[in-house]
$ cat work_25.txt   # compact mmCIF, C-alpha atoms and all ligand atoms
# COMPACT_ATOMS: atom_id res chain seq x y z
CA MET A 1 -4.52 -0.11 25.98
CA ASN A 2 -3.06 3.10 24.56
CA ILE A 3 -2.16 2.95 20.89
CA LEU A 4 -0.15 5.35 18.74
CA LEU A 5 -0.58 5.22 14.98
CA LEU A 6 2.08 6.85 12.80
CA GLY A 7 1.10 8.42 9.48
CA ALA A 8 -1.24 10.97 7.95
CA GLY A 9 -2.96 9.52 4.88
CA GLY A 10 -6.03 7.57 3.79
CA ARG A 11 -4.40 4.29 4.82
CA GLU A 12 -3.96 5.62 8.33
CA HIS A 13 -7.53 6.94 8.45
CA ALA A 14 -8.81 3.46 7.55
CA LEU A 15 -6.54 1.84 10.16
CA ALA A 16 -7.61 4.41 12.78
CA TRP A 17 -11.30 3.85 11.95
CA LYS A 18 -10.90 0.09 12.40
CA MET A 19 -8.72 0.29 15.52
CA ALA A 20 -10.99 2.86 17.17
CA ALA A 21 -13.78 0.26 16.96
CA SER A 22 -11.72 -2.24 18.97
CA PRO A 23 -12.73 -2.83 22.58
CA LEU A 24 -8.99 -3.11 23.28
CA ALA A 25 -8.30 0.49 22.28
CA ASP A 26 -8.78 2.72 25.31
CA LYS A 27 -7.00 5.69 23.81
CA LEU A 28 -5.86 6.11 20.21
CA TYR A 29 -3.36 8.76 19.13
CA CYS A 30 -2.17 9.51 15.63
CA ALA A 31 0.96 11.40 14.59
CA SER A 32 0.42 13.50 12.65
CA GLY A 33 -3.04 12.57 11.31
CA ASN A 34 -5.45 14.68 9.28
CA ALA A 35 -8.96 16.16 9.60
CA GLY A 36 -10.64 12.76 9.10
CA ILE A 37 -8.36 10.87 11.46
CA ALA A 38 -9.11 13.51 14.09
CA ARG A 39 -12.59 12.00 14.39
CA GLU A 40 -11.16 8.61 15.39
CA ALA A 41 -8.01 9.54 17.28
CA GLU A 42 -6.30 12.37 19.07
CA CYS A 43 -3.94 13.85 16.49
CA VAL A 44 -0.55 14.94 17.77
CA ALA A 45 2.05 17.07 16.00
CA LEU A 46 5.05 14.76 16.26
CA ASP A 47 7.85 14.55 13.69
CA ILE A 48 7.87 10.80 13.07
CA ALA A 49 11.36 11.00 11.57
CA ASP A 50 12.53 12.03 15.04
CA HIS A 51 12.61 8.65 16.76
CA ALA A 52 13.69 10.07 20.11
CA ALA A 53 10.69 12.41 20.10
CA VAL A 54 8.33 9.52 19.28
CA ILE A 55 9.83 7.43 22.12
CA ALA A 56 9.53 10.34 24.55
CA PHE A 57 5.86 10.78 23.60
CA CYS A 58 5.20 7.05 24.10
CA LYS A 59 6.74 7.13 27.57
CA LYS A 60 4.84 10.24 28.57
CA GLN A 61 1.44 8.99 27.34
CA LYS A 62 2.06 5.37 28.44
CA ILE A 63 1.67 3.99 24.92
CA ASP A 64 1.38 0.19 24.89
CA PHE A 65 1.53 -0.36 21.13
CA VAL A 66 2.73 1.63 18.13
CA VAL A 67 1.41 0.90 14.63
CA VAL A 68 3.59 2.26 11.82
CA GLY A 69 1.78 3.19 8.59
CA PRO A 70 4.32 4.46 6.02
CA GLU A 71 7.55 2.93 4.75
CA ALA A 72 9.99 5.74 5.49
CA PRO A 73 10.05 5.31 9.28
CA LEU A 74 10.17 1.50 8.89
CA CYS A 75 13.20 1.74 6.61
CA ALA A 76 14.74 4.23 9.03
CA GLY A 77 14.47 1.63 11.82
CA ILE A 78 11.76 3.13 13.99
CA VAL A 79 10.50 -0.30 15.07
CA ASP A 80 14.01 -1.31 16.22
CA ASP A 81 14.33 1.93 18.17
CA LEU A 82 10.89 1.63 19.80
CA GLU A 83 11.43 -2.00 20.77
CA ALA A 84 14.89 -1.19 22.16
CA ALA A 85 13.16 1.40 24.35
CA GLY A 86 10.73 -1.26 25.59
CA ILE A 87 7.77 -0.15 23.45
CA LYS A 88 5.93 -2.77 21.41
CA ALA A 89 5.59 -1.82 17.76
CA PHE A 90 3.93 -3.26 14.67
CA GLY A 91 6.02 -3.36 11.53
CA PRO A 92 9.30 -4.86 10.31
CA GLY A 93 12.68 -3.80 11.67
CA LYS A 94 15.14 -1.91 9.51
CA LYS A 95 16.84 -5.00 8.11
CA ALA A 96 13.60 -6.76 7.12
CA ALA A 97 12.15 -3.50 5.73
CA GLN A 98 14.86 -3.66 3.06
CA LEU A 99 12.30 -5.74 1.18
CA GLU A 100 10.85 -2.35 0.29
CA GLY A 101 13.92 -0.17 0.83
CA SER A 102 16.16 -1.96 -1.68
CA LYS A 103 14.86 -3.58 -4.84
CA GLY A 104 18.26 -5.25 -5.35
CA PHE A 105 18.04 -6.83 -1.88
CA THR A 106 14.64 -8.29 -2.73
CA LYS A 107 15.71 -9.53 -6.15
CA ASP A 108 18.77 -11.28 -4.69
CA LEU A 109 16.60 -12.84 -1.98
CA CYS A 110 14.18 -14.11 -4.63
CA LYS A 111 16.98 -15.55 -6.72
CA ALA A 112 18.56 -17.33 -3.74
CA ASN A 113 15.22 -18.87 -2.74
CA ASN A 114 13.71 -19.68 -6.14
CA ILE A 115 10.90 -17.17 -5.67
CA PRO A 116 9.26 -16.42 -9.04
CA THR A 117 10.00 -12.87 -10.22
CA ALA A 118 11.26 -11.10 -13.35
CA ALA A 119 14.83 -11.91 -14.49
CA TYR A 120 17.17 -9.02 -13.56
CA GLU A 121 20.65 -7.59 -13.09
CA ARG A 122 21.93 -4.93 -10.62
CA PHE A 123 24.16 -2.02 -11.69
CA LYS A 124 26.24 0.66 -9.94
CA SER A 125 27.03 2.75 -13.02
CA ALA A 126 25.45 3.75 -16.31
CA ALA A 127 27.72 2.19 -18.94
CA PRO A 128 27.25 -1.50 -18.02
CA ALA A 129 23.54 -0.86 -17.36
CA LYS A 130 23.15 0.52 -20.88
CA ASP A 131 25.06 -2.41 -22.37
CA TYR A 132 22.64 -4.75 -20.62
CA VAL A 133 19.61 -2.78 -21.88
CA ARG A 134 20.94 -3.00 -25.44
CA LYS A 135 21.59 -6.72 -25.05
CA MET A 136 18.11 -7.48 -23.67
CA GLY A 137 16.08 -5.11 -25.88
CA ALA A 138 12.72 -3.44 -25.16
CA PRO A 139 10.22 -3.57 -23.56
CA ILE A 140 12.31 -3.57 -20.39
CA VAL A 141 11.94 -2.18 -16.87
CA VAL A 142 14.44 0.19 -15.22
CA LYS A 143 14.22 0.72 -11.46
CA ALA A 144 16.05 2.85 -8.92
CA ASP A 145 17.17 0.61 -6.06
CA GLY A 146 15.97 2.77 -3.15
CA LEU A 147 12.81 4.48 -1.92
CA ALA A 148 11.63 6.94 -4.55
CA ALA A 149 8.01 7.66 -3.55
CA GLY A 150 6.60 5.70 -6.50
CA LYS A 151 8.75 7.52 -9.08
CA GLY A 152 11.56 4.99 -9.26
CA VAL A 153 10.16 2.63 -11.92
CA VAL A 154 10.27 3.20 -15.68
CA VAL A 155 8.50 0.63 -17.81
CA ALA A 156 10.29 1.39 -21.09
CA GLU A 157 8.56 0.51 -24.35
CA THR A 158 11.62 1.43 -26.41
CA LEU A 159 15.40 1.17 -26.08
CA ASP A 160 15.74 4.97 -26.10
CA GLU A 161 13.32 5.31 -23.21
CA ALA A 162 15.24 2.69 -21.22
CA LEU A 163 18.60 4.33 -21.93
CA ALA A 164 17.19 7.72 -20.94
CA ALA A 165 15.87 6.23 -17.69
CA VAL A 166 19.33 4.87 -16.84
CA ASP A 167 20.83 8.34 -17.46
CA MET A 168 18.09 10.04 -15.44
CA ILE A 169 18.59 7.78 -12.42
CA PHE A 170 22.42 7.73 -12.44
CA GLY A 171 22.34 11.47 -13.22
CA GLY A 172 20.86 11.99 -9.75
CA GLY A 173 17.24 12.49 -10.87
CA LEU A 174 16.01 10.49 -7.88
CA GLY A 175 18.72 11.42 -5.39
CA SER A 176 20.39 8.65 -3.38
CA ALA A 177 17.55 6.23 -4.23
CA GLY A 178 19.29 5.97 -7.61
CA ASN A 179 22.82 5.10 -6.45
CA GLU A 180 22.07 1.64 -7.76
CA VAL A 181 19.78 0.45 -10.56
CA VAL A 182 17.93 -2.81 -11.16
CA ILE A 183 17.05 -3.68 -14.74
CA GLU A 184 14.50 -6.40 -15.23
CA GLU A 185 12.50 -8.38 -17.68
CA PHE A 186 9.08 -6.98 -18.66
CA MET A 187 6.35 -9.33 -17.40
CA ARG A 188 2.96 -9.73 -18.99
CA GLY A 189 -0.22 -10.47 -17.05
CA GLU A 190 -2.74 -8.95 -14.68
CA GLU A 191 -1.60 -7.17 -11.52
CA ALA A 192 -2.93 -7.79 -8.03
CA SER A 193 -2.07 -6.48 -4.58
CA PHE A 194 -1.60 -9.26 -2.08
CA PHE A 195 -1.29 -8.75 1.68
CA ALA A 196 -0.06 -11.15 4.34
CA LEU A 197 0.28 -10.60 8.05
CA CYS A 198 3.62 -11.99 9.24
CA ASP A 199 4.92 -12.75 12.72
CA GLY A 200 8.55 -13.55 11.99
CA THR A 201 8.05 -17.26 11.33
CA THR A 202 4.62 -17.67 9.82
CA ALA A 203 2.14 -15.65 7.78
CA ILE A 204 -1.58 -15.50 7.11
CA ALA A 205 -3.12 -14.14 3.94
CA LEU A 206 -5.33 -11.08 4.18
CA ALA A 207 -7.92 -10.21 1.53
CA SER A 208 -6.76 -9.37 -1.99
CA ALA A 209 -7.23 -6.10 -3.83
CA GLN A 210 -6.47 -4.39 -7.09
CA ASP A 211 -5.55 -0.76 -7.46
CA HIS A 212 -5.47 1.65 -10.39
CA LYS A 213 -2.05 3.30 -10.60
CA ARG A 214 -2.56 5.47 -13.69
CA VAL A 215 -4.09 8.92 -13.22
CA PHE A 216 -6.70 8.91 -16.01
CA ASP A 217 -9.66 6.75 -17.07
CA GLY A 218 -8.83 3.71 -19.15
CA ASP A 219 -5.55 3.32 -17.19
CA LYS A 220 -3.92 6.16 -19.13
CA GLY A 221 -1.48 8.88 -18.10
CA PRO A 222 1.35 8.86 -15.58
CA ASN A 223 1.61 6.52 -12.59
CA THR A 224 0.37 7.77 -9.22
CA GLY A 225 0.31 6.42 -5.69
CA GLY A 226 -3.06 4.86 -6.62
CA MET A 227 -6.32 6.42 -7.86
CA GLY A 228 -8.70 3.81 -6.52
CA ALA A 229 -8.95 0.18 -5.46
CA TYR A 230 -11.39 -2.61 -4.84
CA SER A 231 -11.50 -5.90 -2.99
CA PRO A 232 -11.73 -8.80 -3.53
CA ALA A 233 -9.65 -9.22 -6.69
CA ALA A 234 -11.35 -11.96 -8.72
CA ILE A 235 -8.03 -13.10 -10.14
CA MET A 236 -6.86 -14.11 -6.65
CA THR A 237 -8.74 -17.39 -6.55
CA PRO A 238 -8.13 -19.71 -3.58
CA GLU A 239 -5.65 -21.61 -5.76
CA MET A 240 -3.75 -18.44 -6.73
CA THR A 241 -3.73 -17.34 -3.08
CA LYS A 242 -2.30 -20.68 -1.99
CA ARG A 243 0.38 -20.57 -4.68
CA THR A 244 1.29 -17.00 -3.68
CA MET A 245 1.65 -18.02 -0.05
CA ASP A 246 3.60 -21.22 -0.82
CA GLU A 247 5.82 -19.92 -3.64
CA ILE A 248 6.38 -16.29 -2.67
CA VAL A 249 5.36 -15.14 0.83
CA LEU A 250 6.34 -18.09 3.04
CA PRO A 251 9.76 -18.63 1.38
CA THR A 252 10.43 -14.92 1.94
CA VAL A 253 9.47 -15.10 5.61
CA ARG A 254 11.69 -18.18 6.06
CA ALA A 255 14.61 -16.55 4.24
CA LEU A 256 14.47 -13.43 6.42
CA ALA A 257 14.22 -15.49 9.59
CA ALA A 258 17.31 -17.42 8.49
CA MET A 259 19.13 -14.09 7.96
CA GLY A 260 18.38 -13.10 11.55
CA ALA A 261 15.94 -10.43 10.37
CA PRO A 262 12.52 -11.94 11.10
CA TYR A 263 9.75 -10.16 9.19
CA LYS A 264 6.94 -8.95 11.44
CA GLY A 265 4.23 -6.73 10.03
CA VAL A 266 2.27 -6.61 6.82
CA LEU A 267 4.01 -7.88 3.75
CA PHE A 268 2.49 -6.33 0.64
CA ALA A 269 3.36 -8.26 -2.50
CA GLY A 270 2.74 -6.54 -5.81
CA LEU A 271 1.99 -9.50 -8.07
CA MET A 272 1.87 -10.12 -11.78
CA ILE A 273 -0.42 -13.05 -12.49
CA THR A 274 1.26 -14.51 -15.55
CA ALA A 275 0.50 -17.54 -17.69
CA GLN A 276 2.90 -19.45 -15.40
CA GLY A 277 1.21 -18.26 -12.21
CA PRO A 278 1.97 -15.52 -9.67
CA LYS A 279 5.28 -13.65 -9.95
CA LEU A 280 6.57 -10.96 -7.61
CA ILE A 281 6.82 -7.44 -9.04
CA GLU A 282 7.92 -5.86 -5.78
CA TYR A 283 7.48 -5.95 -2.04
CA ASN A 284 6.28 -3.18 0.23
CA ALA A 285 6.88 -3.43 3.96
CA ARG A 286 3.54 -1.89 4.96
CA PHE A 287 -0.17 -1.74 4.21
CA GLY A 288 -1.05 -0.46 0.71
CA ASP A 289 -2.70 2.87 0.07
CA PRO A 290 -5.54 2.91 -1.11
CA GLU A 291 -5.90 -0.89 -0.81
CA THR A 292 -6.07 -0.77 3.00
CA GLN A 293 -9.16 1.41 2.80
CA VAL A 294 -11.11 -1.37 1.08
CA LEU A 295 -9.55 -4.13 3.20
CA MET A 296 -10.60 -2.45 6.44
CA LEU A 297 -14.17 -2.10 5.14
CA ARG A 298 -14.26 -5.85 4.53
CA LEU A 299 -12.56 -6.98 7.76
CA MET A 300 -15.08 -8.39 10.23
CA SER A 301 -12.59 -9.36 12.97
CA ASP A 302 -10.96 -6.94 15.37
CA LEU A 303 -7.73 -5.63 13.82
CA VAL A 304 -5.89 -4.84 17.06
CA PRO A 305 -5.38 -8.43 18.34
CA ALA A 306 -4.19 -9.45 14.87
CA LEU A 307 -1.53 -6.74 14.84
CA ILE A 308 -0.47 -7.66 18.37
CA ALA A 309 -0.29 -11.37 17.47
CA ALA A 310 1.96 -10.48 14.52
CA ARG A 311 4.25 -8.47 16.82
CA ASP A 312 4.26 -11.23 19.46
CA GLY A 313 4.97 -14.10 17.04
CA GLN A 314 1.56 -15.67 17.78
CA LEU A 315 -0.12 -15.90 14.37
CA LYS A 316 0.18 -19.67 14.08
CA ASN A 317 -3.38 -20.42 15.18
CA PHE A 318 -4.83 -17.04 14.35
CA ASP A 319 -7.76 -16.56 12.03
CA LEU A 320 -9.38 -13.48 10.55
CA ARG A 321 -12.94 -13.22 9.26
CA TRP A 322 -14.04 -11.11 6.33
CA TYR A 323 -17.37 -9.87 5.04
CA PRO A 324 -18.16 -11.45 1.68
CA ASP A 325 -19.23 -8.06 0.31
CA ALA A 326 -17.12 -6.12 -2.16
CA ALA A 327 -15.64 -2.74 -1.29
CA LEU A 328 -14.39 -0.07 -3.67
CA THR A 329 -12.68 3.26 -3.12
CA VAL A 330 -12.39 6.23 -5.45
CA VAL A 331 -9.51 8.61 -4.80
CA MET A 332 -10.37 12.29 -5.15
CA ALA A 333 -7.19 14.22 -5.90
CA ALA A 334 -6.27 17.88 -6.29
CA LYS A 335 -6.24 19.01 -9.93
CA GLY A 336 -2.69 18.70 -11.26
CA TYR A 337 -1.80 15.58 -9.22
CA PRO A 338 0.55 13.66 -9.65
CA GLY A 339 2.29 16.85 -10.90
CA ASP A 340 2.01 20.24 -9.22
CA TYR A 341 -1.21 21.05 -7.41
CA ALA A 342 -2.52 23.73 -5.06
CA LYS A 343 -3.47 23.24 -1.42
CA GLY A 344 -6.13 25.00 0.60
CA SER A 345 -9.28 24.72 -1.54
CA VAL A 346 -12.51 24.18 0.39
CA ILE A 347 -14.38 20.85 0.19
CA GLU A 348 -18.13 20.77 0.86
CA GLY A 349 -20.89 18.19 0.87
CA LEU A 350 -19.00 15.53 2.84
CA ASP A 351 -21.81 15.06 5.38
CA ASP A 352 -24.39 14.49 2.61
CA ALA A 353 -22.07 12.03 0.91
CA VAL A 354 -21.33 9.95 3.99
CA ALA A 355 -25.04 9.84 4.91
CA LEU A 356 -25.66 7.57 1.91
CA GLU A 357 -26.12 3.83 2.50
CA ASP A 358 -22.93 1.74 2.65
CA VAL A 359 -20.65 4.71 2.09
CA GLU A 360 -17.53 5.57 4.08
CA ILE A 361 -15.12 8.42 3.45
CA PHE A 362 -11.50 8.29 4.51
CA HIS A 363 -9.41 11.44 4.43
CA ALA A 364 -6.05 11.19 2.69
CA GLY A 365 -4.86 14.79 2.70
CA THR A 366 -7.14 17.25 4.48
CA LYS A 367 -7.05 19.70 7.32
CA ALA A 368 -9.69 21.60 9.27
CA GLU A 369 -9.53 25.36 8.90
CA GLY A 370 -12.07 27.79 10.32
CA GLY A 371 -14.73 25.07 10.61
CA LYS A 372 -14.21 23.94 7.02
CA ILE A 373 -12.38 20.99 5.49
CA VAL A 374 -9.65 22.05 3.06
CA ALA A 375 -7.43 20.08 0.71
CA ASN A 376 -3.93 19.56 2.07
CA GLY A 377 -2.26 17.12 -0.33
CA GLY A 378 -2.30 15.50 -3.77
CA ARG A 379 -4.55 12.58 -2.93
CA VAL A 380 -7.19 14.17 -0.71
CA LEU A 381 -10.22 11.89 -0.15
CA ASN A 382 -11.02 8.19 -0.45
CA VAL A 383 -14.71 7.82 -1.16
CA CYS A 384 -15.71 4.21 -0.51
CA GLY A 385 -18.75 2.09 -1.21
CA ARG A 386 -19.71 -1.41 -0.13
CA GLY A 387 -22.03 -3.75 -2.01
CA LYS A 388 -22.90 -7.32 -2.89
CA THR A 389 -20.90 -6.89 -6.10
CA VAL A 390 -18.09 -4.61 -7.23
CA ALA A 391 -20.62 -2.93 -9.54
CA GLN A 392 -22.89 -2.11 -6.60
CA ALA A 393 -19.97 -0.90 -4.48
CA GLN A 394 -18.87 1.28 -7.41
CA ALA A 395 -22.34 2.79 -7.89
CA ARG A 396 -22.48 3.68 -4.18
CA ALA A 397 -19.00 5.21 -4.19
CA TYR A 398 -19.75 7.40 -7.22
CA ALA A 399 -23.15 8.46 -5.82
CA ALA A 400 -21.18 9.76 -2.83
CA VAL A 401 -18.54 11.40 -5.04
CA ASP A 402 -21.36 13.27 -6.79
CA LYS A 403 -22.53 14.76 -3.49
CA ILE A 404 -19.10 16.28 -2.84
CA ARG A 405 -18.65 19.88 -3.97
CA TRP A 406 -14.98 20.46 -4.63
CA PRO A 407 -14.30 22.27 -7.92
CA ASP A 408 -10.51 21.96 -7.47
CA GLY A 409 -10.61 18.17 -7.25
CA PHE A 410 -10.95 15.35 -9.76
CA CYS A 411 -11.25 11.58 -9.80
CA ARG A 412 -11.31 8.69 -12.23
CA ARG A 413 -14.81 7.58 -13.22
CA ASP A 414 -13.94 3.96 -14.02
CA ILE A 415 -12.50 2.48 -10.82
CA GLY A 416 -13.19 -1.26 -10.80
CA TRP A 417 -13.80 -1.54 -14.53
CA GLN A 418 -11.97 -4.85 -14.97
CA ALA A 419 -13.90 -6.49 -12.13
CA ILE A 420 -17.22 -5.13 -13.35
CA LYS A 421 -16.54 -6.39 -16.86
CA ARG A 422 -15.86 -9.82 -15.33
CA GLU A 423 -19.06 -9.66 -13.29
CA GLN A 424 -21.06 -8.77 -16.41
CA ASN A 425 -19.51 -11.65 -18.34
CA GLY A 426 -20.40 -14.02 -15.47
P1 LIG B 1 6.49 -0.90 -8.64
O1 LIG B 1 6.66 0.48 -8.08
O2 LIG B 1 7.71 -1.76 -8.58
O3 LIG B 1 5.22 -1.57 -8.16
O4 LIG B 1 6.22 -0.69 -10.20
C1 LIG B 1 5.25 0.20 -10.64
C2 LIG B 1 4.50 -0.45 -11.75
O5 LIG B 1 5.38 -0.73 -12.82
C3 LIG B 1 3.89 -1.80 -11.39
O6 LIG B 1 2.65 -1.66 -10.76
C4 LIG B 1 3.79 -2.45 -12.75
O7 LIG B 1 2.64 -1.96 -13.43
C5 LIG B 1 5.00 -1.94 -13.46
N1 LIG B 1 6.11 -2.91 -13.42
C6 LIG B 1 7.12 -2.95 -12.52
N2 LIG B 1 7.96 -3.98 -12.79
C7 LIG B 1 7.47 -4.59 -13.88
C8 LIG B 1 7.89 -5.72 -14.66
N3 LIG B 1 9.01 -6.39 -14.39
N4 LIG B 1 7.13 -6.06 -15.72
C9 LIG B 1 6.02 -5.37 -16.04
N5 LIG B 1 5.57 -4.30 -15.36
C10 LIG B 1 6.28 -3.91 -14.28
N1 LIG B 2 -1.18 1.26 -3.79
C1 LIG B 2 0.18 0.98 -3.88
C2 LIG B 2 1.00 1.33 -2.72
O1 LIG B 2 0.53 1.50 -1.61
O2 LIG B 2 2.20 1.40 -2.88

$ encode --input "work_25.txt" --output "structure tokens"
Amino acid sequence: MNILLLGAGGREHALAWKMAASPLADKLYCASGNAGIAREAECVALDIADHAAVIAFCKKQKIDFVVVGPEAPLCAGIVDDLEAAGIKAFGPGKKAAQLEGSKGFTKDLCKANNIPTAAYERFKSAAPAKDYVRKMGAPIVVKADGLAAGKGVVVAETLDEALAAVDMIFGGGLGSAGNEVVIEEFMRGEEASFFALCDGTTAIALASAQDHKRVFDGDKGPNTGGMGAYSPAAIMTPEMTKRTMDEIVLPTVRALAAMGAPYKGVLFAGLMITAQGPKLIEYNARFGDPETQVLMLRLMSDLVPALIAARDGQLKNFDLRWYPDAALTVVMAAKGYPGDYAKGSVIEGLDDAVALEDVEIFHAGTKAEGGKIVANGGRVLNVCGRGKTVAQAQARAYAAVDKIRWPDGFCRRDIGWQAIKREQNG
């Protein structure tokens, strides 16, 4: 079959790498792709915000299945538009994608279905929001309702910080994403990224992962899209996985089905594992980045039939197999990220790095220029290692990082530290 993948980052490179290995994939295209994806798929310059152009491409190239990577096209309803045009697509429709597109929508859904999450209120203007902040006290969490590319959440340690966040968001600091604000209780615990494949009525758990959102070692500095990840996450024991499915994921899938908006696709639950058990921090309507990079390295089964079964509502008797090994990815970013950074610097040594045992490199933001690979984004490379333990996977990933010659890049040197500490303590 002919498959079109939408997206251009490290997540999409990992998905392309896995799908290209499927005997079902005769021809794989990616819009718009990057220099790494170009090794797995034919990259096409399509504006994925232009749904009519994507549909026209699918008709012309006889695309049988479209896999949507990022959230923006999902929230814009690309799956609805593709399906209406008779093209099968993987991912939730616009209404179900509100799980990511509107934090207020998700919080109300949780409340109505007794899904464990932080206590909250929704606000449409600053004055009542500030009154609520003063009433609840700090620490407290202030969130823009809409999609804000990871910038919409302020975990405020003090009242002043929380009040300033309310002013920033209602002052237009995040554009229309901030027309509404959710203010919620600060939860304590350990975070985990949990993924489930959903087919509208049922769901199956994928492997767990943990990412490192802060830019500097020791989890310091501003939040980013993610500076590294590993899988499995030790905290997601079989018991915790079962509770997450029973208390969070499956009630969500049932609630959306009852609303006439069946959720098909990957449901990515950001979890806080608290003293009371798993609680939902937020939902994303797509695969995580960089979590997907480590999940794909651990997935033994063919990905393509799983995605098709999710689209077709056939997951009930489906099973996926995973390698028991650990996988870890280190994000190499352009100096300055998550703030301002330059594009265009040359990256060398990639062939030496990938020649190492149990190493894989996914490109997040690169392009090919005059026979060289150059940086073309904030997060640029995902250098991955596999091993029997997280410590071994980490050692392999950093050995590969050390082969890469890119003076304008940087990475954290401590990805996986919590898991390695656990491994050392037995
Ligand atoms: P989000 O974009 O919603 O995943 O939030 C970004 C980060 O903010 C999360 O990964 C958490 O570290 C933190 N966070 C969000 N909501 C809460 C909460 N209610 N309590 C504690 N930390 C939170
Ligand atoms: N790694 C977090 C995300 O994909 O949003």

$ residues_around --input "work_25.txt" --residues "range 407-412 of chain A" --least-positions-apart "2" --cutoff "6 Å" --atoms "all atoms listed in the file" --output "PyMOL selection string"
chain A and resi 216-217+332-335+414

$ residues_around --input "work_25.txt" --residues "range 125-141 of chain A" --least-positions-apart "2" --cutoff "12 Å" --atoms "only C-alpha atoms" --output "ChimeraX atom specification"
/A:118-123,143-144,152-172,178-188,281

$ atom_distance --input "work_25.txt" --atom1 "CA of Asp219 in chain A" --atom2 "CA of Ile235 in chain A"
18.0 Å

$ residues_near_ligand --input "work_25.txt" --ligand "ligand LIG 2 (chain B)" --cutoff "7 Å" --atoms "all atoms listed in the file" --output "list in words"
Asp211, Gly225, Gly226, Asn284, Phe287, Gly288, Asp289, Pro290 and Glu291 of chain A

$ residues_near_point --input "work_25.txt" --point "(-8.5, -5.3, 24.4)" --cutoff "12 Å" --atoms "all atoms listed in the file" --output "list in words"
Met1, Asn2, Ile3, Met19, Ala20, Ala21, Ser22, Pro23, Leu24, Ala25, Asp26, Lys27, Asp64, Phe65, Asp302, Leu303, Val304, Pro305, Ala306, Leu307 and Ile308 of chain A

$ build_atoms --input "work_25.txt" --residues "range 184-198 of chain A" --atoms "N, CA and C atoms" --output "PDB file, in the coordinates of the input"
ATOM      1  N   GLU A 184      15.154  -5.082 -15.220  1.00  0.00           N
ATOM      2  CA  GLU A 184      14.500  -6.400 -15.230  1.00  0.00           C
ATOM      3  C   GLU A 184      13.608  -6.621 -16.427  1.00  0.00           C
ATOM      4  N   GLU A 185      13.369  -7.880 -16.622  1.00  0.00           N
ATOM      5  CA  GLU A 185      12.500  -8.380 -17.680  1.00  0.00           C
ATOM      6  C   GLU A 185      11.097  -7.781 -17.542  1.00  0.00           C
ATOM      7  N   PHE A 186      10.459  -7.447 -18.654  1.00  0.00           N
ATOM      8  CA  PHE A 186       9.080  -6.980 -18.660  1.00  0.00           C
ATOM      9  C   PHE A 186       8.153  -8.196 -18.575  1.00  0.00           C
ATOM     10  N   MET A 187       7.271  -8.188 -17.562  1.00  0.00           N
ATOM     11  CA  MET A 187       6.350  -9.330 -17.400  1.00  0.00           C
ATOM     12  C   MET A 187       4.970  -8.964 -17.900  1.00  0.00           C
ATOM     13  N   ARG A 188       4.323  -9.946 -18.514  1.00  0.00           N
ATOM     14  CA  ARG A 188       2.960  -9.730 -18.990  1.00  0.00           C
ATOM     15  C   ARG A 188       1.972 -10.443 -18.076  1.00  0.00           C
ATOM     16  N   GLY A 189       0.799  -9.832 -17.866  1.00  0.00           N
ATOM     17  CA  GLY A 189      -0.220 -10.470 -17.050  1.00  0.00           C
ATOM     18  C   GLY A 189      -1.115  -9.438 -16.409  1.00  0.00           C
ATOM     19  N   GLU A 190      -1.867  -9.873 -15.402  1.00  0.00           N
ATOM     20  CA  GLU A 190      -2.740  -8.950 -14.680  1.00  0.00           C
ATOM     21  C   GLU A 190      -2.155  -8.729 -13.289  1.00  0.00           C
ATOM     22  N   GLU A 191      -2.190  -7.475 -12.825  1.00  0.00           N
ATOM     23  CA  GLU A 191      -1.600  -7.170 -11.520  1.00  0.00           C
ATOM     24  C   GLU A 191      -2.606  -7.352 -10.396  1.00  0.00           C
ATOM     25  N   ALA A 192      -2.099  -7.749  -9.239  1.00  0.00           N
ATOM     26  CA  ALA A 192      -2.930  -7.790  -8.030  1.00  0.00           C
ATOM     27  C   ALA A 192      -2.081  -7.387  -6.840  1.00  0.00           C
ATOM     28  N   SER A 193      -2.739  -6.824  -5.848  1.00  0.00           N
ATOM     29  CA  SER A 193      -2.070  -6.480  -4.580  1.00  0.00           C
ATOM     30  C   SER A 193      -2.410  -7.547  -3.572  1.00  0.00           C
ATOM     31  N   PHE A 194      -1.391  -8.158  -2.998  1.00  0.00           N
ATOM     32  CA  PHE A 194      -1.600  -9.260  -2.080  1.00  0.00           C
ATOM     33  C   PHE A 194      -0.992  -8.892  -0.727  1.00  0.00           C
ATOM     34  N   PHE A 195      -1.743  -9.140   0.346  1.00  0.00           N
ATOM     35  CA  PHE A 195      -1.290  -8.750   1.680  1.00  0.00           C
ATOM     36  C   PHE A 195      -1.247  -9.969   2.597  1.00  0.00           C
ATOM     37  N   ALA A 196      -0.156 -10.088   3.338  1.00  0.00           N
ATOM     38  CA  ALA A 196      -0.060 -11.150   4.340  1.00  0.00           C
ATOM     39  C   ALA A 196       0.432 -10.541   5.639  1.00  0.00           C
ATOM     40  N   LEU A 197      -0.154 -11.027   6.714  1.00  0.00           N
ATOM     41  CA  LEU A 197       0.280 -10.600   8.050  1.00  0.00           C
ATOM     42  C   LEU A 197       1.343 -11.611   8.488  1.00  0.00           C
ATOM     43  N   CYS A 198       2.495 -11.111   8.921  1.00  0.00           N
ATOM     44  CA  CYS A 198       3.620 -11.990   9.240  1.00  0.00           C
ATOM     45  C   CYS A 198       4.059 -11.777  10.680  1.00  0.00           C
TER      46      CYS A 198
END
